[in-house]
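The structure appears right after this line, and notes come after that.
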Amino acid sequence: MRVITALIMCTASALAGADVAPEGAPGSLLFPNSDFELGTLENWRMDGEAFQYQPTQGDNVKARNKERSAKHAGKYWVGTYERFQGKAGEKAGKSQGDKPVGGLLSTGFIIQRPFITFLVGGGTEAKAEVQLIVGGEVVRRESGNDRPEMRRIIWDLRGYLNQKAMLYIVDKSKKSFGFVNADDFRYYETGASRLLFPNSDFEAGDLSGWTAEGDAFTFQPVKGDNVTVRTGGKRRANQQGLSWIGTLEKFNATIGQKPGDVQGDPPTGVLRSQPFTIDGEKILFRVGGGNGKNVGVRLLVGGEEVRVSRGQHQPEMTQAMWDVAPWKGQEARIEIFDQATKAWGFINADDFRYGGIGAATPVVPGAPVETVTLPETLHQKAAPAAAEPAPVEAMPAEAPAPEPAPAEAPAPVEETMPEETPAEATAPAEPAPEAAAPADAAAPVEAPAEVAAPVGKPMPEEAAPAPAEPAEAPDAATPEETSVAPEASEDEVTPAEASAEAPKNLFAPKESTE
């Protein structure tokens with residue numbers, strides 16, 4: 001029995017002569033067609049039905065609803081809700097709905113630069129996401145924000161340089177927002193970073209430069225990784241430095257406090273920054289916590305909200321990125337707000353800066369390491385081959401784990417406009433004809449044996465999962481919002497009470513929801 005490394009060896013070998021990311025220059029593709037601009041799935045392998053009408057041509061989201069947009073790059077992208085490739089007889093705006101499931105696996109490539117960037121949108125469910133596989137293990141993953149608009153992600157891969165890797169775009173969800181959009185995978189170079197104003201990173205250990213209203217920020221900023229203490233190391237805050245904001249937490253090293261203490265979801269309030277003049281084009285920061293409309297981080301310019309970000313129902317903070325070029329030279333404020341009292345009614349935030357990821361940011365794995373299993377059909381379809389492929393050294397079964405460090409440099413997220421609530425297609429998708437392999441395709445790859453299955457994005461130790469498929473579609477977001485999700489119901493388990501969700505096999509047969 002073989003592990004996924006056999007597939008990586010074969011696909012990477014088949015493309016060894018295909019000019020894979022010349023010298024890994026910033027902005028260059030990871031491999032030919034990693035941006036889908038060939039208008040085909042060359043160098044990608046499809047399993048299941050979710051990707052049978054891919055790649056999508058043009059802004060099919062806008063064609064369906066002029067208030068929305070895919071926010072794609074170039075002409076082509078992949079979106080498992082879509083059913084339009086620009087072929088004769090097709091109608092722009094058509095969709096196949098949430099029901100089809102499947103996976104799209106890239107050819108193997110060598111990680112030649114420390115950062116990779118791409119666009120992702122769709123649902124927040126862990127069964128619909130983009131994964132990075134190194135040594136047969138999922139080492140990075142990212143999903144959407146319950147909206148079709150894609151946002152820019154940057155993965156810090158300094159711990160995996162010169163290692164062989166593959167991308168896996170997976171959709172195993174049939175629920176509302178059970179789709180994934182992805183586009184434009186390429187290398188990225190970050191620049192130096194600087195604070196927006198003194199203590200915009202909370203490293204003064206107090207709230208200087210900030211004004212608090214209400215009770216939610218009484219015990220802020222939090223000192224150290226209170227999440228890790230509370231969960232016995234199973235979860236973490238992913239803060240930068242020592243101090244950060246977390247409205248569920250109750251530990252700022254005051255006498256009488258105990259590490260791991262929480263104040264829970266009920267307290268509410270707003271933490272407002274001092275005014276500052278925007279003199280950069282990008283603002284980066286870390287955000288985690290709930291995804292409801294009553295919690296988040298927003299940018300105010302002239303008193304108006306122009307950008308807003310939220311967590312993804314996880315205590316771990318990930319790096320968000322706002323494009324603030326339209327307001328350069330104008331006065332602004334940051335507001336961290338928590339007006340929710342139910343489960344997931346808290347917000348985590350840290351380290352507001354201009355520019356890119358600082359060189360001193362420690363590197364740690366971005367997610368629990370998991371071993372991945374792929375359906376046999378992915379191994380049985382040959383990847384396009386270049387002439388005279390060169391052999392590629394076998395990939396080790398396990399990627400060396402990076403040295404642990406106190407905090408991670410997660411992927412920056414470029415916030416976009418809000419989404420539509422997708423409706424089911426009015427007619428079932430017609431099965432696509434079996435695509436013929438290219439004439440010069442390599443011989444079929446022998447199917448490797450199954451190893452432990454990939455799991456969905458783990459839920460926090462202290463919090464309940466996001467609500468199941470809603471009976472009604474969520475209300476459309478206002479134009480300035482960048483993520484909207486229904487607030488948790490009264491009967492949900494609170495973050496402090498719930499235990500971590502057990503691993504799930506994304507490829508196990510799923511019971512029909514019909």
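To be explicit about the labels: the chains of the structure tokens are called A, B, and onward in the order shown, and within each one the residues are counted from 1, while ligands get numbers from 1 in the order they are shown.
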Practice task
Find the residues around Gly74 (chain A) up to 10 Å (only C-alpha atoms counted), leave out those fewer than 5 positions away in its own chain, and share them as a VMD selection string.
Solution key: chain A and resid 35 to 37 57 to 59 183 to 184
Please produce a file of the residues just selected, as a PDB file, in the first residue's frame, where the atoms kept are N, CA, C and O atoms.
```pdb
ATOM      1  N   ASP A  35      -3.395  29.597 -12.022  1.00  0.00           N
ATOM      2  CA  ASP A  35      -4.371  30.691 -12.000  1.00  0.00           C
ATOM      3  C   ASP A  35      -5.596  30.385 -12.874  1.00  0.00           C
ATOM      4  O   ASP A  35      -6.476  31.227 -13.027  1.00  0.00           O
ATOM      5  N   PHE A  36      -5.628  29.175 -13.477  1.00  0.00           N
ATOM      6  CA  PHE A  36      -6.756  28.692 -14.301  1.00  0.00           C
ATOM      7  C   PHE A  36      -6.938  29.492 -15.588  1.00  0.00           C
ATOM      8  O   PHE A  36      -7.945  29.324 -16.281  1.00  0.00           O
ATOM      9  N   GLU A  37      -5.966  30.346 -15.948  1.00  0.00           N
ATOM     10  CA  GLU A  37      -6.139  31.200 -17.112  1.00  0.00           C
ATOM     11  C   GLU A  37      -6.008  30.471 -18.447  1.00  0.00           C
ATOM     12  O   GLU A  37      -6.246  31.066 -19.500  1.00  0.00           O
ATOM     13  N   GLN A  57     -16.010  30.909 -16.399  1.00  0.00           N
ATOM     14  CA  GLN A  57     -15.538  32.053 -17.181  1.00  0.00           C
ATOM     15  C   GLN A  57     -16.250  33.328 -16.760  1.00  0.00           C
ATOM     16  O   GLN A  57     -17.479  33.371 -16.679  1.00  0.00           O
ATOM     17  N   GLY A  58     -15.478  34.355 -16.480  1.00  0.00           N
ATOM     18  CA  GLY A  58     -16.049  35.656 -16.155  1.00  0.00           C
ATOM     19  C   GLY A  58     -16.755  35.686 -14.804  1.00  0.00           C
ATOM     20  O   GLY A  58     -16.703  34.728 -14.029  1.00  0.00           O
ATOM     21  N   ASP A  59     -17.420  36.797 -14.525  1.00  0.00           N
ATOM     22  CA  ASP A  59     -18.079  36.987 -13.227  1.00  0.00           C
ATOM     23  C   ASP A  59     -19.494  36.420 -13.285  1.00  0.00           C
ATOM     24  O   ASP A  59     -20.477  37.143 -13.428  1.00  0.00           O
ATOM     25  N   ASP A 183      -8.964  30.920  -6.763  1.00  0.00           N
ATOM     26  CA  ASP A 183      -8.352  31.481  -7.969  1.00  0.00           C
ATOM     27  C   ASP A 183      -6.938  31.984  -7.668  1.00  0.00           C
ATOM     28  O   ASP A 183      -6.589  32.248  -6.510  1.00  0.00           O
ATOM     29  N   ASP A 184      -6.113  32.063  -8.703  1.00  0.00           N
ATOM     30  CA  ASP A 184      -4.883  32.860  -8.729  1.00  0.00           C
ATOM     31  C   ASP A 184      -3.861  32.479  -7.657  1.00  0.00           C
ATOM     32  O   ASP A 184      -3.472  33.310  -6.825  1.00  0.00           O
TER      33      ASP A 184
END
```
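Within region 11-230 of chain A, DSSP run on the backbone puts these residues in helix (DSSP H, G or I): Thr11, Ala12, Ser13, Ala14, Pro22, Glu23, Gly24, Asn60, Val61, Lys62, Ala63, Arg64, Arg158, Gly159, Tyr160, Asn226, Val227, Thr228, Val229 and Arg230 of chain A.
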Just write the chosen residues, C-alpha atoms, as a PDB file, in the first residue's frame.
```
ATOM      1  CA  THR A  11       2.581  14.313 -10.918  1.00  0.00           C
ATOM      2  CA  ALA A  12       5.693  16.354 -10.121  1.00  0.00           C
ATOM      3  CA  SER A  13       7.761  14.081 -12.360  1.00  0.00           C
ATOM      4  CA  ALA A  14       5.287  14.488 -15.207  1.00  0.00           C
ATOM      5  CA  PRO A  22      10.633  30.102 -13.041  1.00  0.00           C
ATOM      6  CA  GLU A  23      13.008  30.781 -10.162  1.00  0.00           C
ATOM      7  CA  GLY A  24       9.982  31.193  -7.884  1.00  0.00           C
ATOM      8  CA  ASN A  60     -20.901  34.430 -13.232  1.00  0.00           C
ATOM      9  CA  VAL A  61     -21.934  35.644  -9.777  1.00  0.00           C
ATOM     10  CA  LYS A  62     -22.610  39.156 -11.075  1.00  0.00           C
ATOM     11  CA  ALA A  63     -24.425  37.736 -14.090  1.00  0.00           C
ATOM     12  CA  ARG A  64     -26.769  36.016 -11.648  1.00  0.00           C
ATOM     13  CA  ARG A 158       8.850  29.736   5.729  1.00  0.00           C
ATOM     14  CA  GLY A 159       8.857  26.398   7.541  1.00  0.00           C
ATOM     15  CA  TYR A 160       8.309  24.452   4.297  1.00  0.00           C
ATOM     16  CA  ASN A 226      -4.996  32.252  27.762  1.00  0.00           C
ATOM     17  CA  VAL A 227      -6.716  29.982  25.234  1.00  0.00           C
ATOM     18  CA  THR A 228      -3.913  27.411  25.364  1.00  0.00           C
ATOM     19  CA  VAL A 229      -3.967  27.443  29.170  1.00  0.00           C
ATOM     20  CA  ARG A 230      -7.718  26.915  29.247  1.00  0.00           C
TER      21      ARG A 230
END
```
Using 12 Å as the limit and counting only C-alpha atoms, can you tabulate each residue of region 76-180 of chain A that touches region 309-317 of chain A, with its shortest atom-to-atom distance in Å and the two atoms involved, as a tab-separated table?
```
residue	atom	partner	partner_atom	distance
A:Gly123	CA	A:Gln312	CA	10.5
A:Thr124	CA	A:Gln312	CA	7.1
A:Glu125	CA	A:Gln312	CA	9.4
A:Ala126	CA	A:Gln312	CA	10.4
A:Glu142	CA	A:Gln312	CA	10.4
A:Ser143	CA	A:Gln312	CA	9.2
A:Gly144	CA	A:Gln312	CA	9.1
A:Asn145	CA	A:Gln312	CA	7.5
A:Asp146	CA	A:Gln312	CA	9.8
A:Arg151	CA	A:Ser309	CA	11.3
```
Selected residues, all heavy atoms, written as a PDB file, in the first residue's frame, please.
```pdb
ATOM      1  N   GLY A 123     -18.381  29.037   1.412  1.00  0.00           N
ATOM      2  CA  GLY A 123     -18.862  28.797   2.769  1.00  0.00           C
ATOM      3  C   GLY A 123     -17.761  28.693   3.795  1.00  0.00           C
ATOM      4  O   GLY A 123     -16.585  28.508   3.454  1.00  0.00           O
ATOM      5  N   THR A 124     -18.138  28.809   5.063  1.00  0.00           N
ATOM      6  CA  THR A 124     -17.167  28.709   6.156  1.00  0.00           C
ATOM      7  C   THR A 124     -16.968  27.273   6.615  1.00  0.00           C
ATOM      8  O   THR A 124     -16.041  26.994   7.371  1.00  0.00           O
ATOM      9  CB  THR A 124     -17.629  29.539   7.367  1.00  0.00           C
ATOM     10  OG1 THR A 124     -18.911  29.068   7.800  1.00  0.00           O
ATOM     11  CG2 THR A 124     -17.717  31.009   7.030  1.00  0.00           C
ATOM     12  N   GLU A 125     -17.829  26.370   6.178  1.00  0.00           N
ATOM     13  CA  GLU A 125     -17.747  24.988   6.648  1.00  0.00           C
ATOM     14  C   GLU A 125     -16.414  24.372   6.239  1.00  0.00           C
ATOM     15  O   GLU A 125     -15.921  24.585   5.124  1.00  0.00           O
ATOM     16  CB  GLU A 125     -18.894  24.155   6.079  1.00  0.00           C
ATOM     17  CG  GLU A 125     -19.013  22.790   6.712  1.00  0.00           C
ATOM     18  CD  GLU A 125     -20.189  21.986   6.165  1.00  0.00           C
ATOM     19  OE1 GLU A 125     -20.847  22.467   5.222  1.00  0.00           O
ATOM     20  OE2 GLU A 125     -20.435  20.899   6.674  1.00  0.00           O
ATOM     21  N   ALA A 126     -15.835  23.569   7.132  1.00  0.00           N
ATOM     22  CA  ALA A 126     -14.521  22.986   6.877  1.00  0.00           C
ATOM     23  C   ALA A 126     -14.534  21.990   5.727  1.00  0.00           C
ATOM     24  O   ALA A 126     -13.482  21.636   5.212  1.00  0.00           O
ATOM     25  CB  ALA A 126     -14.010  22.296   8.144  1.00  0.00           C
ATOM     26  N   GLU A 142      -7.839  26.974   4.304  1.00  0.00           N
ATOM     27  CA  GLU A 142      -8.590  28.230   4.370  1.00  0.00           C
ATOM     28  C   GLU A 142      -9.922  28.043   3.658  1.00  0.00           C
ATOM     29  O   GLU A 142      -9.995  27.439   2.591  1.00  0.00           O
ATOM     30  CB  GLU A 142      -7.810  29.365   3.707  1.00  0.00           C
ATOM     31  CG  GLU A 142      -8.396  30.730   3.965  1.00  0.00           C
ATOM     32  CD  GLU A 142      -8.309  31.147   5.426  1.00  0.00           C
ATOM     33  OE1 GLU A 142      -7.216  31.019   6.010  1.00  0.00           O
ATOM     34  OE2 GLU A 142      -9.340  31.591   5.972  1.00  0.00           O
ATOM     35  N   SER A 143     -10.988  28.561   4.262  1.00  0.00           N
ATOM     36  CA  SER A 143     -12.322  28.510   3.666  1.00  0.00           C
ATOM     37  C   SER A 143     -12.831  29.931   3.459  1.00  0.00           C
ATOM     38  O   SER A 143     -12.145  30.903   3.756  1.00  0.00           O
ATOM     39  CB  SER A 143     -13.278  27.724   4.571  1.00  0.00           C
ATOM     40  OG  SER A 143     -13.368  28.322   5.844  1.00  0.00           O
ATOM     41  N   GLY A 144     -14.060  30.046   2.951  1.00  0.00           N
ATOM     42  CA  GLY A 144     -14.647  31.346   2.694  1.00  0.00           C
ATOM     43  C   GLY A 144     -15.304  31.943   3.925  1.00  0.00           C
ATOM     44  O   GLY A 144     -15.116  31.462   5.047  1.00  0.00           O
ATOM     45  N   ASN A 145     -16.097  32.992   3.706  1.00  0.00           N
ATOM     46  CA  ASN A 145     -16.775  33.712   4.787  1.00  0.00           C
ATOM     47  C   ASN A 145     -18.283  33.742   4.564  1.00  0.00           C
ATOM     48  O   ASN A 145     -18.945  34.726   4.836  1.00  0.00           O
ATOM     49  CB  ASN A 145     -16.247  35.158   4.878  1.00  0.00           C
ATOM     50  CG  ASN A 145     -15.009  35.265   5.740  1.00  0.00           C
ATOM     51  OD1 ASN A 145     -14.723  34.388   6.545  1.00  0.00           O
ATOM     52  ND2 ASN A 145     -14.248  36.317   5.564  1.00  0.00           N
ATOM     53  N   ASP A 146     -18.832  32.627   4.034  1.00  0.00           N
ATOM     54  CA  ASP A 146     -20.259  32.560   3.717  1.00  0.00           C
ATOM     55  C   ASP A 146     -20.657  33.669   2.744  1.00  0.00           C
ATOM     56  O   ASP A 146     -21.653  34.362   2.942  1.00  0.00           O
ATOM     57  CB  ASP A 146     -21.114  32.621   4.987  1.00  0.00           C
ATOM     58  CG  ASP A 146     -21.235  31.262   5.664  1.00  0.00           C
ATOM     59  OD1 ASP A 146     -20.790  30.267   5.063  1.00  0.00           O
ATOM     60  OD2 ASP A 146     -21.767  31.186   6.780  1.00  0.00           O
ATOM     61  N   ARG A 151     -11.624  36.639  -1.263  1.00  0.00           N
ATOM     62  CA  ARG A 151     -10.723  37.555  -0.579  1.00  0.00           C
ATOM     63  C   ARG A 151      -9.298  37.013  -0.689  1.00  0.00           C
ATOM     64  O   ARG A 151      -9.092  35.815  -0.859  1.00  0.00           O
ATOM     65  CB  ARG A 151     -11.118  37.717   0.885  1.00  0.00           C
ATOM     66  CG  ARG A 151     -10.903  36.481   1.735  1.00  0.00           C
ATOM     67  CD  ARG A 151     -11.704  36.550   3.020  1.00  0.00           C
ATOM     68  NE  ARG A 151     -11.263  35.583   4.018  1.00  0.00           N
ATOM     69  CZ  ARG A 151     -11.580  34.293   3.998  1.00  0.00           C
ATOM     70  NH1 ARG A 151     -12.305  33.802   3.019  1.00  0.00           N
ATOM     71  NH2 ARG A 151     -11.152  33.491   4.944  1.00  0.00           N
TER      72      ARG A 151
END
```
Please report, as a Markdown table, each residue of region 142-247 of chain A lying at most 10 Å from region 334-339 of chain A, together with the nearest pair of atoms and the separation in Å rounded to one decimal; use only C-alpha atoms, and order rows by chain and ascending residue number.
```
| residue | atom | partner | partner_atom | distance |
| --- | --- | --- | --- | --- |
| A:Leu196 | CA | A:Ile334 | CA | 9.9 |
| A:Ser200 | CA | A:Ile334 | CA | 9.4 |
| A:Trp210 | CA | A:Ile334 | CA | 9.1 |
| A:Thr211 | CA | A:Glu335 | CA | 9.6 |
| A:Ala212 | CA | A:Ile336 | CA | 9.4 |
| A:Glu213 | CA | A:Phe337 | CA | 9.5 |
| A:Gly214 | CA | A:Asp338 | CA | 9.4 |
| A:Asp215 | CA | A:Asp338 | CA | 9.8 |
| A:Ala216 | CA | A:Asp338 | CA | 7.1 |
| A:Phe217 | CA | A:Asp338 | CA | 9.2 |
| A:Ile245 | CA | A:Ile336 | CA | 8.8 |
| A:Gly246 | CA | A:Ile336 | CA | 9.9 |
| A:Thr247 | CA | A:Asp338 | CA | 7.5 |
```
Handout entry: Atomic distance CA of Gly86 (chain A) - CA of Ala50 (chain A), expressed in Å with one decimal
Key =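 Atom-to-atom, CA of Gly86 (chain A) to CA of Ala50 (chain A), that is 17.5 Å.
CA of Tyr188 (chain A) lies 5.9 Å from CA of Thr117 (chain A).
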Problem - region 297-330 of chain A: residues DSSP assigns to strand (DSSP E or B), reported as JSON, numbers by chain - result: {"A": [297, 298, 299, 300, 301, 304, 305, 306, 307, 308, 309, 314, 315, 316, 317, 318, 319, 320, 321, 322, 323]}
Write out, as an mmCIF file, in the first residue's frame, the residues just selected, with C-alpha atoms.
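Dumped to part_1.cif:
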```cif
data_model
loop_
_atom_site.group_PDB
_atom_site.id
_atom_site.type_symbol
_atom_site.label_atom_id
_atom_site.label_comp_id
_atom_site.auth_asym_id
_atom_site.auth_seq_id
_atom_site.Cartn_x
_atom_site.Cartn_y
_atom_site.Cartn_z
ATOM 1 C CA VAL A 297 -13.380 44.785 13.806
ATOM 2 C CA ARG A 298 -14.185 47.777 11.609
ATOM 3 C CA LEU A 299 -12.448 50.753 10.061
ATOM 4 C CA LEU A 300 -14.209 54.118 10.326
ATOM 5 C CA VAL A 301 -13.349 56.968 7.937
ATOM 6 C CA GLU A 304 -18.544 55.849 8.307
ATOM 7 C CA GLU A 305 -17.733 52.121 8.340
ATOM 8 C CA VAL A 306 -15.688 51.303 5.231
ATOM 9 C CA ARG A 307 -14.152 47.933 6.171
ATOM 10 C CA VAL A 308 -15.182 45.200 8.610
ATOM 11 C CA SER A 309 -13.796 41.741 9.491
ATOM 12 C CA GLN A 314 -12.692 29.819 16.223
ATOM 13 C CA PRO A 315 -10.589 31.340 19.006
ATOM 14 C CA GLU A 316 -7.480 31.175 16.799
ATOM 15 C CA MET A 317 -6.742 34.501 15.151
ATOM 16 C CA THR A 318 -5.807 34.583 11.464
ATOM 17 C CA GLN A 319 -4.269 37.489 9.618
ATOM 18 C CA ALA A 320 -6.644 39.846 7.804
ATOM 19 C CA MET A 321 -5.719 42.499 5.269
ATOM 20 C CA TRP A 322 -7.653 45.641 4.351
ATOM 21 C CA ASP A 323 -7.018 47.604 1.172
#
```
Handout entry: Nearest residue to Pro266 (chain A) from the set A:Val295, A:Ala340, A:Leu38, A:Leu242 (distances using only C-alpha atoms)
Key = A:Ala340
Exercise for the section: Can you work out which one of A:Leu119, A:Gly264, A:Lys164, A:Ile111 has the shortest atom-to-atom distance to Phe185 (chain A), counting only C-alpha atoms? Expected result: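 Answer, going by the shortest atom-to-atom distance: A:Leu119.
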Practice task
Find the residues around Lys328 (chain A) up to 8 Å (only C-alpha atoms counted), leave out those fewer than 6 positions away in its own chain, and share them as a ChimeraX atom specification.
Solution key: /A:277-281
How would the residues just picked look written out with all heavy atoms as an mmCIF file, in the first residue's frame?
```cif
data_model
loop_
_atom_site.group_PDB
_atom_site.id
_atom_site.type_symbol
_atom_site.label_atom_id
_atom_site.label_comp_id
_atom_site.auth_asym_id
_atom_site.auth_seq_id
_atom_site.Cartn_x
_atom_site.Cartn_y
_atom_site.Cartn_z
ATOM 1 N N THR A 277 -3.973 59.086 10.874
ATOM 2 C CA THR A 277 -4.039 59.374 9.440
ATOM 3 C C THR A 277 -3.528 58.172 8.662
ATOM 4 O O THR A 277 -2.418 57.681 8.919
ATOM 5 C CB THR A 277 -3.201 60.618 9.100
ATOM 6 O OG1 THR A 277 -3.718 61.740 9.810
ATOM 7 C CG2 THR A 277 -3.256 60.910 7.607
ATOM 8 N N ILE A 278 -4.318 57.699 7.724
ATOM 9 C CA ILE A 278 -3.924 56.540 6.919
ATOM 10 C C ILE A 278 -2.799 56.957 5.972
ATOM 11 O O ILE A 278 -2.992 57.805 5.102
ATOM 12 C CB ILE A 278 -5.123 55.999 6.110
ATOM 13 C CG1 ILE A 278 -6.224 55.530 7.060
ATOM 14 C CG2 ILE A 278 -4.680 54.865 5.188
ATOM 15 C CD1 ILE A 278 -7.495 55.086 6.353
ATOM 16 N N ASP A 279 -1.616 56.372 6.141
ATOM 17 C CA ASP A 279 -0.497 56.718 5.261
ATOM 18 C C ASP A 279 0.124 55.472 4.621
ATOM 19 O O ASP A 279 1.291 55.465 4.233
ATOM 20 C CB ASP A 279 0.559 57.541 5.993
ATOM 21 C CG ASP A 279 1.198 56.780 7.145
ATOM 22 O OD1 ASP A 279 0.761 55.637 7.414
ATOM 23 O OD2 ASP A 279 2.127 57.320 7.769
ATOM 24 N N GLY A 280 -0.668 54.404 4.526
ATOM 25 C CA GLY A 280 -0.260 53.187 3.822
ATOM 26 C C GLY A 280 -1.408 52.697 2.958
ATOM 27 O O GLY A 280 -2.517 53.228 3.017
ATOM 28 N N GLU A 281 -1.141 51.680 2.153
ATOM 29 C CA GLU A 281 -2.172 51.150 1.263
ATOM 30 C C GLU A 281 -2.824 49.888 1.795
ATOM 31 O O GLU A 281 -3.917 49.510 1.361
ATOM 32 C CB GLU A 281 -1.576 50.881 -0.123
ATOM 33 C CG GLU A 281 -1.104 52.161 -0.812
ATOM 34 C CD GLU A 281 -0.685 51.918 -2.245
ATOM 35 O OE1 GLU A 281 -0.605 50.740 -2.650
ATOM 36 O OE2 GLU A 281 -0.441 52.913 -2.956
#
```
